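> Structure supplied as protein15.cif; contents: mmCIF, C-alpha atoms.
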data_work
#
loop_
_atom_site.label_atom_id
_atom_site.label_comp_id
_atom_site.auth_asym_id
_atom_site.auth_seq_id
_atom_site.Cartn_x
_atom_site.Cartn_y
_atom_site.Cartn_z
CA MET A 1 8.41 -15.48 -15.99
CA ILE A 2 5.11 -15.69 -14.12
CA ARG A 3 4.83 -17.40 -10.77
CA ASN A 4 1.44 -17.69 -9.16
CA VAL A 5 -0.09 -19.39 -6.15
CA GLU A 6 -3.60 -20.78 -5.98
CA GLY A 7 -5.72 -18.14 -4.27
CA SER A 8 -9.03 -18.25 -2.45
CA VAL A 9 -11.09 -17.04 -5.41
CA GLN A 10 -12.44 -19.78 -7.65
CA GLY A 11 -10.93 -19.90 -11.13
CA LEU A 12 -7.49 -18.51 -10.39
CA VAL A 13 -5.10 -20.51 -12.55
CA THR A 14 -1.79 -21.81 -11.23
CA LEU A 15 0.73 -20.95 -13.93
CA SER A 16 4.06 -21.98 -12.43
CA VAL A 17 5.84 -23.03 -9.25
CA GLN A 18 3.65 -22.84 -6.16
CA ARG A 19 4.66 -21.07 -2.95
CA MET A 20 2.41 -22.83 -0.50
CA ASP A 21 4.27 -21.18 2.38
CA LEU A 22 2.69 -17.81 1.52
CA PRO A 23 -0.77 -16.66 2.67
CA LEU A 24 -1.60 -15.04 -0.68
CA PRO A 25 -0.69 -15.29 -4.37
CA LEU A 26 2.76 -14.25 -5.62
CA ILE A 27 3.08 -13.14 -9.24
CA GLU A 28 6.45 -12.48 -10.90
CA VAL A 29 6.69 -10.72 -14.28
CA GLU A 30 9.59 -9.37 -16.33
CA GLY A 31 10.01 -6.99 -19.28
CA THR A 32 9.13 -3.47 -20.26
CA PRO A 33 6.35 -1.79 -18.28
CA GLY A 34 3.83 -2.76 -20.94
CA GLU A 35 5.05 -6.35 -21.07
CA CYS A 36 4.97 -6.62 -17.28
CA GLY A 37 1.43 -5.28 -17.25
CA VAL A 38 0.18 -7.73 -19.89
CA ALA A 39 1.82 -10.68 -18.13
CA TYR A 40 0.43 -9.63 -14.74
CA GLY A 41 -3.04 -9.12 -16.20
CA ALA A 42 -2.96 -12.57 -17.82
CA ALA A 43 -1.63 -14.27 -14.68
CA ALA A 44 -4.31 -12.79 -12.42
CA ARG A 45 -7.03 -12.47 -15.05
CA SER A 46 -9.92 -13.96 -13.07
CA LEU A 47 -8.79 -12.32 -9.84
CA ILE A 48 -8.59 -8.89 -11.48
CA ALA A 49 -12.01 -9.34 -13.09
CA ALA A 50 -13.52 -10.32 -9.75
CA ASN A 51 -11.87 -7.40 -7.94
CA THR A 52 -13.05 -4.97 -10.60
CA ALA A 53 -16.61 -6.29 -10.29
CA ASN A 54 -16.40 -5.99 -6.52
CA TYR A 55 -15.34 -2.34 -6.71
CA LEU A 56 -17.96 -1.57 -9.35
CA ASP A 57 -20.54 -2.72 -6.80
CA ARG A 58 -18.94 -0.51 -4.13
CA PHE A 59 -18.87 2.47 -6.49
CA ALA A 60 -22.54 1.87 -7.35
CA ALA A 61 -23.41 1.94 -3.65
CA THR A 62 -22.06 5.51 -3.52
CA GLY A 63 -24.08 6.57 -6.58
CA LEU A 64 -21.46 6.00 -9.31
CA ASP A 65 -22.87 3.87 -12.10
CA ARG A 66 -20.64 2.11 -14.62
CA PRO A 67 -20.64 4.91 -17.23
CA ALA A 68 -19.65 7.42 -14.53
CA VAL A 69 -16.89 5.12 -13.30
CA ARG A 70 -15.53 4.77 -16.84
CA ARG A 71 -15.61 8.53 -17.38
CA ALA A 72 -13.64 9.01 -14.18
CA GLY A 73 -11.24 6.25 -15.17
CA SER A 74 -10.61 7.93 -18.51
CA LEU A 75 -9.66 11.18 -16.76
CA PHE A 76 -7.33 9.36 -14.36
CA ARG A 77 -5.76 7.58 -17.31
CA ALA A 78 -5.02 10.88 -19.03
CA ALA A 79 -3.42 12.29 -15.86
CA SER A 80 -1.37 9.12 -15.33
CA ARG A 81 -0.13 9.08 -18.92
CA GLN A 82 0.98 12.68 -18.55
CA HIS A 83 2.63 12.52 -15.13
CA ALA A 84 3.60 8.85 -14.66
CA PRO A 85 3.94 7.43 -18.19
CA ARG A 86 5.78 4.21 -17.31
CA VAL A 87 3.16 3.36 -14.69
CA ALA A 88 0.45 4.14 -17.23
CA GLN A 89 2.07 1.79 -19.74
CA MET A 90 1.95 -0.97 -17.15
CA LEU A 91 -1.70 -0.30 -16.29
CA ASP A 92 -2.67 -0.26 -19.96
CA GLY A 93 -0.97 -3.66 -20.21
CA VAL A 94 -2.85 -4.95 -17.16
CA ALA A 95 -6.14 -4.07 -18.84
CA GLU A 96 -5.06 -5.83 -22.04
CA GLY A 97 -3.83 -8.96 -20.28
CA ALA A 98 -6.85 -9.21 -17.97
CA GLY A 99 -9.43 -8.41 -20.65
CA VAL A 100 -10.89 -5.62 -18.52
CA PRO A 101 -11.82 -2.21 -20.00
CA VAL A 102 -8.87 0.09 -19.48
CA GLU A 103 -11.05 2.82 -17.94
CA GLU A 104 -12.18 0.38 -15.27
CA ILE A 105 -8.58 -0.57 -14.45
CA TYR A 106 -7.78 3.10 -13.85
CA ALA A 107 -10.94 3.51 -11.77
CA LEU A 108 -9.85 0.49 -9.75
CA ASN A 109 -6.52 2.19 -9.09
CA ALA A 110 -8.43 5.34 -8.18
CA ARG A 111 -10.69 3.58 -5.70
CA THR A 112 -9.49 5.95 -2.94
CA GLU A 113 -10.40 9.02 -4.97
CA LEU A 114 -13.78 7.59 -5.97
CA LEU A 115 -14.63 6.47 -2.44
CA TYR A 116 -12.82 9.23 -0.54
CA GLY A 117 -15.98 10.77 0.91
CA ASN A 118 -16.98 7.73 2.97
CA GLY A 119 -14.82 8.63 6.00
CA ALA A 120 -12.98 5.30 6.01
CA THR A 121 -9.55 5.09 7.61
CA GLU A 122 -6.86 2.52 7.25
CA CYS A 123 -3.39 1.53 8.43
CA THR A 124 -0.81 2.21 11.10
CA SER A 125 2.80 2.55 9.88
CA ILE A 126 6.16 2.41 11.66
CA GLY A 127 9.68 3.29 10.55
CA VAL A 128 12.81 2.48 12.56
CA LEU A 129 16.31 3.68 11.69
CA ASP A 130 19.19 1.22 11.78
CA ALA A 131 20.61 2.87 14.92
CA ARG A 132 17.51 1.71 16.86
CA THR A 133 16.96 -1.79 15.46
CA ALA A 134 18.42 -4.92 17.02
CA SER A 135 19.53 -6.04 13.55
CA GLY A 136 21.19 -2.74 12.67
CA HIS A 137 18.93 -2.56 9.61
CA THR A 138 16.53 0.12 8.39
CA VAL A 139 13.00 -1.26 8.79
CA LEU A 140 9.47 -0.21 7.83
CA ALA A 141 6.27 -1.92 8.98
CA GLN A 142 2.53 -1.50 8.77
CA ASN A 143 -0.91 -2.98 9.12
CA TRP A 144 -3.07 -2.64 6.03
CA ASP A 145 -6.61 -1.99 7.25
CA TRP A 146 -9.41 -2.07 4.69
CA HIS A 147 -12.80 -3.58 4.00
CA PRO A 148 -12.71 -7.36 4.66
CA ALA A 149 -14.33 -8.03 1.28
CA GLN A 150 -10.99 -7.09 -0.29
CA ARG A 151 -9.04 -9.86 1.43
CA PRO A 152 -9.57 -12.49 -1.33
CA PHE A 153 -8.37 -10.06 -4.01
CA THR A 154 -4.96 -9.31 -2.53
CA LEU A 155 -1.63 -10.54 -3.88
CA LEU A 156 2.11 -9.97 -3.97
CA LEU A 157 3.46 -8.54 -7.20
CA ALA A 158 7.14 -8.79 -8.18
CA THR A 159 8.31 -7.01 -11.32
CA ARG A 160 11.70 -6.78 -13.01
CA ASP A 161 11.89 -4.20 -15.78
CA GLU A 162 14.07 -3.98 -18.89
CA HIS A 163 16.80 -2.25 -16.86
CA GLY A 164 16.90 -4.97 -14.19
CA SER A 165 15.14 -2.89 -11.52
CA THR A 166 13.03 -5.09 -9.25
CA VAL A 167 10.00 -4.14 -7.15
CA LEU A 168 8.10 -6.31 -4.66
CA THR A 169 4.82 -5.01 -3.30
CA LEU A 170 1.63 -6.01 -1.57
CA THR A 171 -1.30 -4.90 -3.68
CA GLU A 172 -4.87 -5.57 -4.76
CA ALA A 173 -5.45 -7.46 -8.00
CA GLY A 174 -5.29 -5.01 -10.89
CA MET A 175 -3.33 -2.44 -8.89
CA LEU A 176 0.44 -1.97 -8.97
CA ALA A 177 1.50 -1.01 -5.44
CA LYS A 178 0.83 -0.63 -1.77
CA ALA A 179 3.50 -1.32 0.86
CA GLY A 180 6.69 -2.52 -0.83
CA PHE A 181 10.33 -1.97 -1.73
CA ASN A 182 12.81 -2.28 -4.57
CA ASP A 183 16.28 -3.71 -5.14
CA ALA A 184 17.86 -0.32 -4.39
CA GLY A 185 16.70 -0.72 -0.79
CA LEU A 186 14.01 1.94 -1.17
CA GLY A 187 10.73 1.13 0.55
CA VAL A 188 7.36 2.68 1.32
CA CYS A 189 4.45 2.15 3.67
CA VAL A 190 1.22 4.06 3.21
CA ASN A 191 -1.68 5.57 5.13
CA MET A 192 -4.88 7.07 3.80
CA LEU A 193 -5.53 10.69 4.74
CA THR A 194 -8.60 12.85 4.07
CA SER A 195 -8.77 16.61 3.71
CA ASP A 196 -11.05 19.35 2.45
CA ARG A 197 -8.89 19.56 -0.68
CA ASP A 198 -9.59 16.01 -1.82
CA GLY A 199 -11.55 15.59 -5.03
CA ARG A 200 -9.76 18.27 -7.03
CA PRO A 201 -9.48 17.28 -10.69
CA GLY A 202 -6.31 16.57 -12.64
CA GLY A 203 -4.39 14.38 -10.21
CA VAL A 204 -3.04 10.88 -10.67
CA PRO A 205 -4.61 8.13 -8.57
CA TYR A 206 -3.22 7.48 -5.09
CA HIS A 207 -2.01 4.00 -6.13
CA VAL A 208 -0.36 5.27 -9.32
CA LEU A 209 1.63 7.72 -7.20
CA LEU A 210 2.68 4.87 -4.92
CA ARG A 211 3.99 2.87 -7.86
CA ALA A 212 5.79 5.89 -9.33
CA VAL A 213 7.59 6.33 -6.00
CA LEU A 214 8.64 2.66 -5.90
CA GLU A 215 10.09 2.99 -9.40
CA GLN A 216 12.73 5.42 -8.07
CA ARG A 217 16.29 4.37 -7.20
CA VAL A 218 17.20 7.02 -4.62
CA LEU A 219 15.29 8.59 -1.74
CA GLY A 220 15.59 12.16 -3.04
CA SER A 221 14.03 11.16 -6.37
CA ALA A 222 11.22 9.32 -4.57
CA LEU A 223 10.50 12.48 -2.56
CA ARG A 224 10.52 14.59 -5.70
CA VAL A 225 7.97 12.28 -7.33
CA ALA A 226 5.81 12.19 -4.19
CA CYS A 227 5.79 15.96 -3.82
CA SER A 228 5.64 17.13 -7.44
CA THR A 229 3.10 14.70 -8.93
CA PRO A 230 -0.39 16.25 -9.07
CA ARG A 231 -2.87 14.40 -6.87
CA SER A 232 -6.58 14.45 -6.16
CA ALA A 233 -6.50 12.69 -2.78
CA SER A 234 -4.43 13.04 0.35
CA ILE A 235 -1.95 10.30 1.21
CA ASN A 236 0.79 9.64 3.75
CA LEU A 237 3.99 8.01 2.51
CA LEU A 238 6.46 6.59 5.01
CA LEU A 239 9.63 6.33 2.94
CA GLY A 240 12.95 4.72 3.81
CA GLN A 241 16.13 3.58 2.14
CA ALA A 242 19.00 1.36 3.20
CA PHE A 243 22.25 2.61 1.72
CA SER A 244 25.56 0.87 1.06
CA ALA A 245 27.53 -0.86 3.82
CA GLY A 246 28.77 1.57 6.45
CA VAL A 247 26.33 4.32 5.46
CA PRO A 248 23.39 4.69 7.88
CA GLY A 249 19.95 4.41 6.34
CA GLU A 250 17.31 7.13 6.25
CA ILE A 251 13.56 7.42 6.85
CA VAL A 252 11.23 10.34 6.16
CA ASP A 253 7.45 10.63 6.38
CA VAL A 254 5.62 12.88 3.91
CA GLU A 255 1.98 13.88 4.12
CA VAL A 256 0.90 14.90 0.63
CA ALA A 257 -2.41 16.66 0.12
CA PRO A 258 -3.49 18.34 -3.09
CA SER A 259 -1.17 21.38 -3.39
CA ASP A 260 0.65 20.92 -0.09
CA VAL A 261 3.17 18.68 1.70
CA GLY A 262 4.13 18.10 5.33
CA VAL A 263 7.27 16.31 6.55
CA LEU A 264 8.07 14.28 9.67
CA ASN A 265 11.59 13.08 10.47
CA PRO A 266 12.42 10.31 12.97
CA VAL A 267 12.72 11.21 16.65
CA ASP A 268 14.96 8.86 18.65
CA GLY A 269 15.28 6.83 15.45
CA LEU A 270 11.54 6.24 15.18
CA VAL A 271 8.60 7.63 13.22
CA THR A 272 5.00 6.40 13.20
CA HIS A 273 1.87 7.47 11.39
CA ALA A 274 -1.83 6.63 11.23
CA ASN A 275 -4.63 8.36 9.31
CA HIS A 276 -4.62 11.98 10.47
CA PHE A 277 -2.33 14.86 9.57
CA GLU A 278 0.49 15.45 12.03
CA ALA A 279 2.77 17.77 10.04
CA LEU A 280 0.46 19.74 7.76
CA PRO A 281 -1.71 22.25 9.68
CA THR A 282 -2.55 24.24 6.55
CA VAL A 283 -5.27 21.83 5.39
CA HIS A 284 -8.46 20.89 7.16
CA ASP A 285 -8.28 17.24 8.20
CA THR A 286 -11.80 15.90 7.74
CA LEU A 287 -11.24 13.32 10.47
CA ARG A 288 -11.53 16.26 12.86
CA ASP A 289 -15.19 16.43 11.90
CA ILE A 290 -15.98 12.83 12.80
CA GLY A 291 -13.25 11.60 15.18
CA SER A 292 -11.09 8.53 14.70
CA SER A 293 -8.95 5.94 16.48
CA SER A 294 -6.16 7.38 14.35
CA PHE A 295 -5.82 10.11 16.96
CA PHE A 296 -4.22 7.63 19.37
CA ARG A 297 -2.86 4.81 17.19
CA SER A 298 0.22 6.60 15.91
CA ALA A 299 1.21 7.93 19.35
CA ARG A 300 0.49 4.56 20.94
CA ALA A 301 2.77 2.76 18.50
CA ARG A 302 5.59 5.21 19.32
CA ARG A 303 5.02 4.79 23.04
CA LEU A 304 4.89 1.00 22.93
CA LEU A 305 8.24 0.91 21.12
CA GLY A 306 9.78 3.29 23.66
CA SER A 307 12.36 6.07 23.42
CA GLY A 308 15.17 4.53 25.45
CA PRO A 309 18.37 2.80 24.34
CA MET A 310 16.80 -0.67 24.15
CA PRO A 311 17.10 -1.89 20.54
CA ILE A 312 13.88 -2.67 18.69
CA ALA A 313 13.66 -6.24 17.39
CA GLU A 314 11.43 -7.36 14.56
CA LYS A 315 9.34 -9.28 17.09
CA ASP A 316 8.71 -5.98 18.90
CA LEU A 317 7.26 -4.53 15.72
CA GLN A 318 5.07 -7.59 15.24
CA LEU A 319 3.75 -7.22 18.80
CA VAL A 320 2.85 -3.59 18.20
CA LEU A 321 1.06 -4.50 14.97
CA ALA A 322 -0.95 -7.02 17.05
CA ASP A 323 -1.77 -4.53 19.82
CA HIS A 324 -5.38 -4.38 21.05
CA GLY A 325 -5.33 -1.09 22.96
CA GLY A 326 -8.66 0.52 22.06
CA TYR A 327 -10.04 -2.75 20.63
CA PRO A 328 -11.67 -3.20 18.18
CA GLN A 329 -10.54 0.12 16.67
CA SER A 330 -7.00 -0.66 17.70
CA ILE A 331 -3.69 -0.88 15.83
CA CYS A 332 -4.76 -4.47 15.19
CA ARG A 333 -8.20 -3.60 13.77
CA HIS A 334 -11.10 -6.04 14.04
CA ASP A 335 -14.30 -6.11 12.00
CA VAL A 336 -16.87 -6.19 14.79
CA ASP A 337 -18.41 -2.73 15.28
CA ALA A 338 -19.06 -1.11 11.90
CA LEU A 339 -22.07 1.19 11.70
CA SER A 340 -22.71 0.14 8.09
CA GLU A 341 -21.47 -2.29 5.46
CA GLU A 342 -19.39 0.49 3.88
CA ASP A 343 -17.70 1.27 7.21
CA ARG A 344 -16.36 -2.25 7.82
CA SER A 345 -12.59 -2.43 8.34
CA GLU A 346 -10.04 -4.98 9.51
CA SER A 347 -6.27 -5.41 9.51
CA LEU A 348 -6.11 -7.62 6.42
CA TYR A 349 -2.32 -8.04 6.32
CA ALA A 350 0.68 -7.00 8.38
CA VAL A 351 4.03 -6.42 6.69
CA VAL A 352 7.58 -5.79 7.89
CA LEU A 353 10.11 -4.55 5.32
CA ASP A 354 13.80 -5.08 6.09
CA LEU A 355 15.32 -2.71 3.56
CA ASP A 356 18.91 -3.89 4.09
CA GLU A 357 18.00 -7.53 3.48
CA ARG A 358 15.53 -6.64 0.70
CA ARG A 359 13.05 -8.81 2.59
CA MET A 360 9.31 -8.62 3.17
CA SER A 361 7.79 -10.52 6.07
CA ILE A 362 4.02 -10.78 5.77
CA ALA A 363 1.23 -12.20 7.92
CA ALA A 364 -2.43 -12.66 7.13
CA GLY A 365 -4.47 -10.52 9.48
CA PRO A 366 -5.67 -9.69 11.90
CA PRO A 367 -2.01 -10.01 13.00
CA CYS A 368 -2.95 -11.00 16.56
CA ARG A 369 -3.99 -14.36 15.06
CA ALA A 370 -0.89 -14.86 12.93
CA ASP A 371 1.10 -17.95 13.83
CA THR A 372 4.02 -16.79 11.73
CA TYR A 373 5.26 -14.15 9.32
CA HIS A 374 6.16 -15.51 5.88
CA GLU A 375 9.30 -14.22 4.18
CA VAL A 376 9.86 -13.17 0.58
CA ARG A 377 13.35 -12.00 -0.41
CA LEU A 378 14.29 -10.36 -3.66
CA SER A 379 17.23 -12.74 -3.87
CA GLY A 380 14.77 -15.65 -4.15
CA LEU A 381 12.75 -14.18 -7.01
CA PHE A 382 13.21 -14.61 -10.75
CA THR A 383 15.30 -17.76 -10.33
#
The structure in this file should be written as structure tokens.


Amino acid sequence: MIRNVEGSVQGLVTLSVQRMDLPLPLIEVEGTPGECGVAYGAAARSLIAANTANYLDRFAATGLDRPAVRRAGSLFRAASRQHAPRVAQMLDGVAEGAGVPVEEIYALNARTELLYGNGATECTSIGVLDARTASGHTVLAQNWDWHPAQRPFTLLLATRDEHGSTVLTLTEAGMLAKAGFNDAGLGVCVNMLTSDRDGRPGGVPYHVLLRAVLEQRVLGSALRVACSTPRSASINLLLGQAFSAGVPGEIVDVEVAPSDVGVLNPVDGLVTHANHFEALPTVHDTLRDIGSSSFFRSARARRLLGSGPMPIAEKDLQLVLADHGGYPQSICRHDVDALSEEDRSESLYAVVLDLDERRMSIAAGPPCRADTYHEVRLSGLFT
């Protein structure tokens, strides 16, 4: 089944029931990884083509022409097929369904690796254990900060594979994952990191790794995938899982750079992260060379949520995601002070993931302007 919502890009076809309560398209696909990829590609065909063209222009601005992009995409495809074959099957299907050259789809999913040298930063993430939340649920949250030109090419993707495993994720058209969770109560939020090790050959793309993590059913397996999969860019994964009734949930933050991993566990039931390394001193963090609001955003989010016994409500998380301390380079990022077109950044979407309820609450950004968060529950999909 494919469900789609009319988006802001001209030509996007409405294929099924509309969800006019959502601020962005929702696509639902079922089947094997390849079948899901083909259906997703067909459903978002014009959106994926437009997003690919947009990134080709961005790659060209950094000196990568189309042949170079395709050569890079071919290498990332080979690495993905070797280390994340089910994800690769889905991406091959996306290319087929969308009518986009498969090498360009892999380059799209490797946009972080291909643009990693531009010094851009994105995202502030928060994880709260069930012992600290007002609901008694394990909760993850984040702002997704990225270039505002990407806003029209963003969607929600829901997949159900041949085994019945379901994943819901925020992503960019033609990609397979960003912040999201699955029906096993496993969720992830993500932050870009940069180090002197980035750019090493042989790794899978950042966004392929994200999807491979979300395909896992248990937290230990997700950590094994995150740590053991070769990578060419640094990435921070804030992972959590809600377990069965009566069993407290768990959250762990892993900073993965090429050939190294750092781990942060919750303190007072809380862990936060931005775009600099906090647990991995063995790599050189390139943000140290240029400075960044990341150096205060993570600590500020922890401080705003407090360390006392007061339970943290979902509204408290939303208020932190809308915080303007250090504006415009605040947790709630605003596109008003970029030094160049390439440096522009804004909080495009804010998400809260209730892992016990298998629920995503999402607001169009910047979140300070959001009138409401819109809910998508796994229980309401594929019906």

> Rank nothing, just name the residue among A:Gly269, A:Pro152, A:Gly291, A:Pro309 nearest to Pro25 of chain A, using all atoms listed in the file.

A:Pro152

> Which is closest to Ala301 of chain A among A:Glu35, A:Arg71, A:Gln82, A:Gln142, if we use only C-alpha atoms?

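Of A:Glu35, A:Arg71, A:Gln82, A:Gln142, the one nearest Ala301 of chain A is A:Gln142, counting only C-alpha atoms.
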
> Name every residue that the PyMOL selection byres ((chain A and resi 155) around 12) selects in this structure, writing the answer as a ChimeraX atom specification with chains first and numbers rising.

/A:3-9,12,22-28,40,43-44,47-48,51,150-154,156-158,168-180,348-349,362,364

> So, with only C-alpha atoms as the atoms that count, which of A:Asp335, A:Glu30, A:Glu96, A:Asp268 lies closest to His163 of chain A?

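Closest to His163 of chain A of all the choices is A:Glu30.
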
> Run through the PyMOL selection byres ((chain A and resi 204-217) around 8) on the given coordinates and return the selected residues as a VMD selection string.

chain A and resid 76 to 77 79 to 80 83 to 84 87 106 109 to 110 112 to 113 167 175 to 178 180 to 182 184 186 to 188 202 to 203 218 to 219 221 to 223 225 to 226 229 to 235

> What's the separation between atom CA of Val352 of chain A and atom CA of Glu375 of chain A, in Å to one decimal place?

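Computed distance, atom CA of Val352 of chain A to atom CA of Glu375 of chain A, equals 9.4 Å.
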
> Can you spell out as number ranges by chain the set of residues that the PyMOL selection byres ((chain A and resi 287) around 10) selects in the structure I just provided?

A: 119-121, 193-195, 275-277, 284-286, 288-295

> Got a sec: who's within 7 Å of Trp146 of chain A, counting only C-alpha atoms, leaving out chain neighbours fewer than 6 positions off, as a list in words?

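The residues satisfying every condition are Glu122, Ser345, Glu346, Ser347 and Leu348 of chain A.
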
> To one decimal in Å, tell me the separation between atom CA of Asp253 of chain A and atom CA of Asn191 of chain A.

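Separation of atom CA of Asp253 of chain A and atom CA of Asn191 of chain A: 10.5 Å.
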
> Could you state the separation of atom CA of Thr124 of chain A and atom CA of Leu56 of chain A in Å, given to one decimal place?

27.0 Å

> List the residues sitting within 9 Å of (19.8, -4.1, 9.1) in the file's frame, using all atoms listed in the file, as a PyMOL selection string.

chain A and resi 129-130+133-139+242+249+354-357

> Quick one: residues within 12 Å of Val336 of chain A, all atoms listed in the file counted, chain neighbours fewer than 2 positions away excluded, as a list of chain:residue names?

A:His147, A:Pro148, A:Tyr327, A:Pro328, A:Gln329, A:Ser330, A:Arg333, A:His334, A:Ala338, A:Leu339, A:Ser340, A:Glu341, A:Asp343, A:Arg344, A:Ser345, A:Glu346, A:Ser347

> Between A:Thr372, A:Ser74, A:Met360, A:Phe296, which has the minimum distance to Gly326 of chain A (counting all atoms listed in the file)?

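Nearest candidate to Gly326 of chain A out of A:Thr372, A:Ser74, A:Met360, A:Phe296: A:Phe296.
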